[in-house]
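**Q** Pasting start12.txt here (compact mmCIF, C-alpha atoms):
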```txt
# COMPACT_ATOMS: atom_id res chain seq x y z
CA MET L 148 0.00 0.00 0.00
CA LEU L 149 2.94 2.36 -0.45
CA SER L 150 1.37 3.55 -3.69
CA GLU L 151 -2.24 4.06 -4.56
CA PRO L 152 -4.07 1.31 -6.42
CA ARG L 153 -4.94 2.33 -9.96
CA SER L 154 -8.62 2.15 -9.07
CA GLY L 155 -7.98 4.64 -6.27
CA ARG L 156 -6.34 7.13 -8.60
CA LEU L 157 -9.11 6.75 -11.19
CA ALA L 158 -11.88 7.19 -8.62
CA ALA L 159 -10.27 10.08 -6.72
CA TRP L 160 -9.23 12.16 -9.72
CA GLY L 161 -12.30 11.15 -11.69
CA ASN L 162 -14.43 12.49 -8.85
CA ALA L 163 -12.42 15.72 -8.78
CA LEU L 164 -12.99 16.09 -12.53
CA LEU L 165 -16.71 15.38 -12.23
CA ALA L 166 -16.91 18.04 -9.52
CA GLY L 167 -15.18 20.57 -11.75
CA LEU L 168 -12.22 20.92 -9.37
CA VAL L 169 -9.49 19.89 -11.83
CA SER L 170 -9.00 20.06 -15.58
CA PRO L 171 -9.28 16.93 -17.77
CA ASP L 172 -5.55 17.09 -18.50
CA ASP L 173 -4.61 17.25 -14.82
CA ALA L 174 -7.01 14.44 -13.93
CA VAL L 175 -5.72 12.14 -16.66
CA SER L 176 -2.10 12.89 -15.77
CA ALA L 177 -2.71 11.99 -12.13
CA ILE L 178 -4.62 8.82 -13.00
CA VAL L 179 -1.99 7.54 -15.42
CA GLY L 180 0.85 8.31 -13.03
CA GLU L 181 4.00 6.44 -14.05
CA ASP L 182 2.16 4.19 -16.53
CA ALA L 183 2.58 4.80 -20.25
CA VAL L 184 -1.09 4.99 -21.22
CA HIS L 185 -4.60 4.09 -20.02
CA ARG L 186 -7.50 3.20 -22.31
CA VAL L 187 -11.11 2.20 -21.69
CA GLU L 188 -12.66 -0.71 -23.60
CA GLY L 189 -16.35 -1.62 -23.83
CA LEU L 190 -17.66 1.87 -23.12
CA PRO L 191 -21.29 2.23 -24.32
CA GLY L 192 -21.36 3.94 -27.67
CA GLU L 193 -17.74 3.15 -28.50
CA SER L 194 -16.71 0.25 -30.73
CA ALA L 195 -13.01 0.45 -29.86
CA PRO L 196 -10.88 1.38 -26.84
CA VAL L 197 -10.74 5.13 -26.14
CA GLY L 198 -8.49 7.40 -24.12
CA LEU L 199 -9.26 8.45 -20.57
CA THR L 200 -10.26 12.00 -21.45
CA LEU L 201 -12.96 10.86 -23.85
CA ALA L 202 -13.99 8.02 -21.52
CA LEU L 203 -14.50 10.26 -18.50
CA GLY L 204 -16.51 12.70 -20.60
CA ARG L 205 -18.65 9.89 -21.93
CA LEU L 206 -19.27 8.52 -18.43
CA ARG L 207 -20.46 11.95 -17.33
CA ALA L 208 -22.83 12.06 -20.33
CA LEU L 209 -24.15 8.62 -19.35
CA GLY L 210 -25.16 10.00 -15.96
CA VAL L 211 -22.16 9.06 -13.82
CA ALA L 212 -22.02 11.45 -10.86
CA GLY L 213 -19.27 9.77 -8.86
CA LEU L 214 -16.85 6.85 -8.71
CA ARG L 215 -16.36 4.28 -5.97
CA VAL L 216 -13.47 1.87 -5.37
CA ALA L 217 -13.64 -1.88 -4.73
CA LEU L 218 -10.63 -3.81 -3.39
CA PRO L 219 -11.88 -7.41 -3.19
CA ALA L 220 -9.93 -10.42 -1.97
CA PRO L 221 -10.87 -14.13 -1.85
CA GLY L 222 -13.82 -14.50 0.49
CA HIS L 223 -14.17 -10.73 0.87
CA PRO L 224 -16.04 -8.94 -1.98
CA LEU L 225 -15.15 -5.53 -0.54
CA GLY L 226 -16.90 -2.71 -2.40
CA LEU L 227 -18.65 -4.95 -4.93
CA SER L 228 -22.37 -5.29 -5.60
CA GLY L 229 -22.49 -7.81 -8.48
CA PRO L 230 -23.31 -9.32 -10.82
CA PRO L 231 -21.07 -12.41 -10.50
CA GLU L 232 -19.35 -11.78 -13.84
CA PHE L 233 -18.16 -8.34 -12.78
CA ASN L 234 -17.22 -9.56 -9.30
CA ALA L 235 -15.09 -12.34 -10.79
CA ARG L 236 -13.19 -9.92 -13.02
CA ALA L 237 -12.67 -7.52 -10.14
CA LEU L 238 -11.48 -10.29 -7.83
CA GLU L 239 -8.95 -11.43 -10.41
CA ALA L 240 -7.62 -7.87 -10.74
CA GLU L 241 -7.96 -7.30 -6.96
CA GLU L 242 -9.53 -3.91 -7.66
CA ALA L 243 -12.25 -2.14 -9.61
CA VAL L 244 -14.12 1.15 -9.94
CA VAL L 245 -17.91 1.22 -9.67
CA CYS L 246 -19.86 4.13 -11.14
CA HIS L 247 -22.48 6.02 -9.14
CA GLY L 248 -25.38 7.18 -11.31
CA ALA L 249 -25.01 4.55 -14.04
CA ALA L 250 -24.87 0.76 -13.79
CA LEU L 251 -21.29 0.49 -15.01
CA GLY L 252 -17.97 -0.63 -13.56
CA LEU L 253 -14.35 -0.56 -14.67
CA VAL L 254 -11.77 -3.29 -14.09
CA PRO L 255 -8.10 -2.74 -15.00
CA GLU L 256 -5.97 -5.13 -17.01
CA VAL L 257 -2.25 -4.35 -16.88
CA TYR L 258 0.20 -5.07 -19.68
CA GLU L 259 3.97 -4.72 -19.70
CA ALA L 260 5.74 -4.05 -22.99
CA GLY L 261 9.20 -3.13 -24.21
CA PRO L 262 12.71 -4.59 -23.92
CA GLU L 263 14.35 -5.49 -20.63
CA GLY L 264 15.44 -2.36 -18.86
CA ASP L 265 12.94 -0.23 -20.72
CA VAL L 266 9.63 -1.83 -19.83
CA HIS L 267 6.55 0.38 -19.86
CA VAL L 268 3.09 -0.32 -18.49
CA GLU L 269 -0.16 0.01 -20.38
CA VAL L 270 -3.57 -0.32 -18.73
CA VAL L 271 -6.88 -1.23 -20.33
CA TRP L 272 -9.98 -0.58 -18.23
CA HIS L 273 -12.77 -2.97 -19.15
CA CYS L 274 -16.17 -1.31 -18.83
CA LEU L 275 -18.82 -3.81 -17.71
CA ALA L 276 -22.37 -3.82 -16.38
CA VAL L 277 -22.81 -3.77 -12.60
CA ARG L 278 -25.74 -4.21 -10.25
CA GLU L 279 -26.98 -0.99 -8.68
CA ALA L 280 -26.88 -1.89 -4.99
CA PRO L 281 -24.97 -0.80 -1.87
CA PRO L 282 -21.30 -1.89 -2.00
CA ALA L 283 -20.31 -4.78 0.24
CA ASP L 284 -18.70 -4.26 3.65
CA VAL L 285 -17.60 -0.62 3.32
CA PRO L 286 -17.47 1.17 6.70
CA SER L 287 -18.04 4.85 7.38
CA LEU L 288 -14.96 7.02 7.77
CA GLY L 289 -15.50 7.17 11.51
CA GLU L 290 -15.77 3.40 11.79
CA ALA L 291 -12.72 2.93 9.59
CA GLU L 292 -10.61 5.30 11.67
CA ARG L 293 -11.53 3.56 14.93
CA GLU L 294 -10.93 0.11 13.46
CA LEU L 295 -7.52 1.13 12.09
CA ALA L 296 -6.31 2.52 15.39
CA GLU L 297 -7.28 -0.68 17.19
CA ALA L 298 -5.86 -2.91 14.46
CA LEU L 299 -2.53 -1.08 14.53
CA ARG L 300 -2.23 -1.53 18.30
CA GLU L 301 -3.15 -5.20 18.17
CA ALA L 302 -0.85 -5.99 15.25
CA THR L 303 2.12 -4.22 16.84
CA GLU L 304 1.63 -6.09 20.12
CA VAL L 305 1.31 -9.50 18.45
CA LEU L 306 4.21 -9.01 16.03
CA THR L 307 6.46 -7.77 18.81
CA ARG L 308 5.58 -10.77 20.95
CA LEU L 309 6.37 -13.10 18.06
CA ASP L 310 9.64 -11.23 17.37
CA VAL L 311 8.69 -10.61 13.75
CA ALA L 312 11.25 -8.50 11.91
CA ALA L 313 8.63 -6.01 10.74
CA SER L 314 7.96 -4.90 14.31
CA GLY L 315 11.51 -3.58 14.82
CA PRO L 316 14.13 -1.34 13.17
CA VAL L 317 13.36 -2.52 9.63
CA ALA L 318 9.76 -1.40 10.02
CA GLU L 319 10.74 1.90 11.60
CA ALA L 320 13.13 2.67 8.74
CA ALA L 321 10.52 1.86 6.10
CA LEU L 322 7.84 3.84 7.89
CA GLY L 323 10.25 6.76 8.22
CA ALA L 324 10.88 6.67 4.47
CA TYR L 325 7.13 6.53 3.89
CA ARG L 326 6.56 9.60 6.07
CA ALA L 327 9.38 11.50 4.34
CA ARG L 328 7.86 10.69 0.97
CA ALA L 329 4.48 12.00 2.12
CA GLU L 330 6.07 15.19 3.46
CA ARG L 331 7.63 15.90 0.07
CA GLY L 332 4.19 16.84 -1.17
CA ARG L 333 2.63 13.59 -2.36
CA GLU L 334 -1.08 14.31 -2.72
CA VAL L 335 -2.83 11.44 -0.95
CA LEU L 336 -6.24 12.21 -2.42
CA ALA L 337 -7.54 14.49 -5.13
CA PRO L 338 -9.07 17.94 -4.43
CA GLY L 339 -12.56 17.87 -2.98
CA TYR L 340 -12.07 15.10 -0.43
CA PRO L 341 -12.74 15.81 3.26
CA PRO L 342 -9.68 15.99 5.55
CA ARG L 343 -10.86 12.94 7.48
CA ALA L 344 -10.72 10.83 4.30
CA VAL L 345 -7.11 11.91 3.75
CA ARG L 346 -6.26 11.03 7.34
CA VAL L 347 -7.93 7.61 7.09
CA LEU L 348 -6.20 6.79 3.81
CA GLU L 349 -2.78 7.76 5.18
CA LEU L 350 -3.28 5.55 8.23
CA ALA L 351 -4.60 2.68 6.09
CA GLN L 352 -1.50 2.90 3.90
CA ARG L 353 0.73 2.93 6.97
CA VAL L 354 -1.00 -0.15 8.39
CA GLY L 355 -0.80 -1.84 4.99
CA LEU L 356 2.93 -1.17 4.86
CA LEU L 357 3.39 -2.73 8.28
CA VAL L 358 1.55 -5.84 7.11
CA SER L 359 3.63 -6.04 3.93
CA LEU L 360 6.86 -5.75 5.91
CA ALA L 361 5.76 -8.49 8.27
CA TYR L 362 5.14 -10.81 5.35
CA ASP L 363 8.18 -9.85 3.28
CA HIS L 364 11.07 -9.40 5.72
CA GLY L 365 11.74 -12.80 7.17
CA HIS L 366 10.33 -14.62 10.12
CA GLY L 367 12.24 -13.00 12.96
CA GLY L 368 11.90 -15.33 15.90
CA ALA L 369 8.67 -16.87 14.59
CA VAL L 370 10.31 -20.05 13.37
CA SER L 371 7.90 -22.74 14.51
CA ALA L 372 4.82 -23.67 12.53
CA SER L 373 2.57 -22.58 15.37
CA GLU L 374 4.27 -19.18 15.64
CA MET L 375 4.08 -18.63 11.89
CA ALA L 376 0.40 -19.57 11.97
CA ALA L 377 -0.13 -17.11 14.81
CA ARG L 378 1.52 -14.38 12.77
CA GLY L 379 -0.74 -15.11 9.80
CA ALA L 380 -3.79 -15.13 12.05
CA ALA L 381 -2.76 -11.72 13.43
CA LEU L 382 -2.06 -10.17 10.05
CA ARG L 383 -5.11 -11.30 8.09
CA PRO L 384 -7.71 -9.26 9.99
CA VAL L 385 -5.37 -6.26 10.09
CA GLU L 386 -4.88 -6.39 6.31
CA ARG L 387 -8.65 -6.70 5.89
CA THR L 388 -9.21 -3.67 8.12
CA ALA L 389 -6.68 -1.63 6.13
CA ARG L 390 -8.38 -2.49 2.84
CA ARG L 391 -11.81 -1.60 4.23
CA ALA L 392 -10.50 1.75 5.43
CA GLN L 393 -8.81 2.45 2.12
CA VAL L 394 -12.08 1.87 0.25
CA SER L 395 -13.96 4.02 2.77
CA ALA L 396 -11.55 6.91 2.16
CA TYR L 397 -11.75 6.72 -1.64
CA ASN L 398 -15.54 6.43 -1.51
CA ALA L 399 -16.02 9.37 0.85
CA TYR L 400 -16.77 11.76 -2.02
CA VAL L 401 -19.72 9.68 -3.24
CA GLU L 402 -20.95 8.98 0.30
CA GLU L 403 -21.05 12.71 1.07
CA ARG L 404 -22.85 13.34 -2.20
CA GLU L 405 -25.49 10.75 -1.32
CA ARG L 406 -26.02 12.35 2.09
CA GLY L 407 -26.56 15.72 0.43
CA ILE L 408 -23.40 17.31 1.80
CA ARG L 409 -22.30 18.25 -1.73
```
Can the structure from this file be put into structure tokens for me?
**A**
Amino acid sequence: MLSEPRSGRLAAWGNALLAGLVSPDDAVSAIVGEDAVHRVEGLPGESAPVGLTLALGRLRALGVAGLRVALPAPGHPLGLSGPPEFNARALEAEEAVVCHGAALGLVPEVYEAGPEGDVHVEVVWHCLAVREAPPADVPSLGEAERELAEALREATEVLTRLDVAASGPVAEAALGAYRARAERGREVLAPGYPPRAVRVLELAQRVGLLVSLAYDHGHGGAVSASEMAARGAALRPVERTARRAQVSAYNAYVEERERGIR
């Protein structure tokens, strides 16, 4: 979770564009990020893939008033509402964007091209029909913030007890680098999002980084099968909480719109 998922960038900057807070060029630049190009395939009224600028304009014309994020995992259809075909594609990609105001969703497919040492990334967003229903298992921002604080405390206690490497100096160094990167001006969310959503997303990313470090940086003292199982049992609910909070932050724009705040 050091970097935003592509669905997060599309939803956040797409929402800012729909709200008239950024220009199409700025929105597309932020969504594409370090990728080479993004296209949208299967958009109603288009027989071939189109660029993001045209696609976002077409979605607005189709009645889309906001964009939500889904970050599903096996057994956890977070942010999805069906149908099964769309859910399956989103689960395979581990992310998706669901439109608010039109029964459409977007699932990214990532391609790498070019010679070794000069590989570039191209993304095709597949536009598919979705079921208009409340997204699964997305908490409010307040709930997400409370859950994250508790999850961070519990995970730190368990990982320290198990002597997992990610609870010590390695984690502190990585978290310090993460904070320094944020302080250099990285915009966590697009214009128009409430400060609480920014705060929740930052904490969710921090918790996600801690989980990633715990998985990726050795076993520390957790060498027995039972200790490794205990570590996995501690990390799974924390990772789930971080994903739920991340989705809550990205979806805050649409949730406020539905409550009539915007």
**Q** Nearest residue to Ala260 in chain L out of L:Leu206, L:Ala183, L:Leu357, L:Ala195, using all atoms listed in the file?
**A** L:Ala183
**Q** One decimal, in Å: what's the spacing between CA of Arg215 in chain L and CA of Ala159 in chain L?
**A**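 Separating CA of Arg215 in chain L from CA of Ala159 in chain L is a distance of 8.4 Å.
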**Q** Using all atoms listed in the file, find the one residue out of L:Ala380, L:Val385, L:Ala351, L:Ala372 that sits nearest to Arg300 in chain L.
**A**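 Among the listed residues, L:Val385 lies closest to Arg300 in chain L.
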**Q** Here is a test: counting all atoms listed in the file, which residue of L:Ala381, L:Val394, L:Leu299, L:Val271 is nearest to Leu350 in chain L?
**A**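 Ranking L:Ala381, L:Val394, L:Leu299, L:Val271 by distance to Leu350 in chain L, first place goes to L:Leu299.
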**Q** If I put a ball of radius 9 Å at (-0.9, 9.7, -10.6) in the file's coordinates, which residues poke into it when counting all atoms listed in the file, written as a list of chain:residue names?
**A**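 Residues with an atom close enough to that point: L:Glu151, L:Arg153, L:Arg156, L:Leu157, L:Trp160, L:Ala174, L:Val175, L:Ser176, L:Ala177, L:Ile178, L:Val179, L:Gly180, L:Glu181, L:Asp182.
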**Q** Grab the CA of His185 in chain L to CA of Leu238 in chain L distance for me, in Å with one decimal place.
**A**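 Interatomic distance here is 20.1 Å.
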**Q** When you look at Ala220 in chain L with a cut-off of 9 Å (counting all atoms listed in the file), what residues show up, excluding the ones that are within fewer than 2 positions of it in the same chain? I need them as a ChimeraX atom specification.
**A** /L:218,222-225,238-239,241-242,387
**Q** Of the candidates L:Gly189, L:Val184, L:Gly167, L:Pro152, which one gets nearest to Glu259 in chain L if we count all atoms listed in the file?
**A**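 Among the listed residues, L:Val184 lies closest to Glu259 in chain L.
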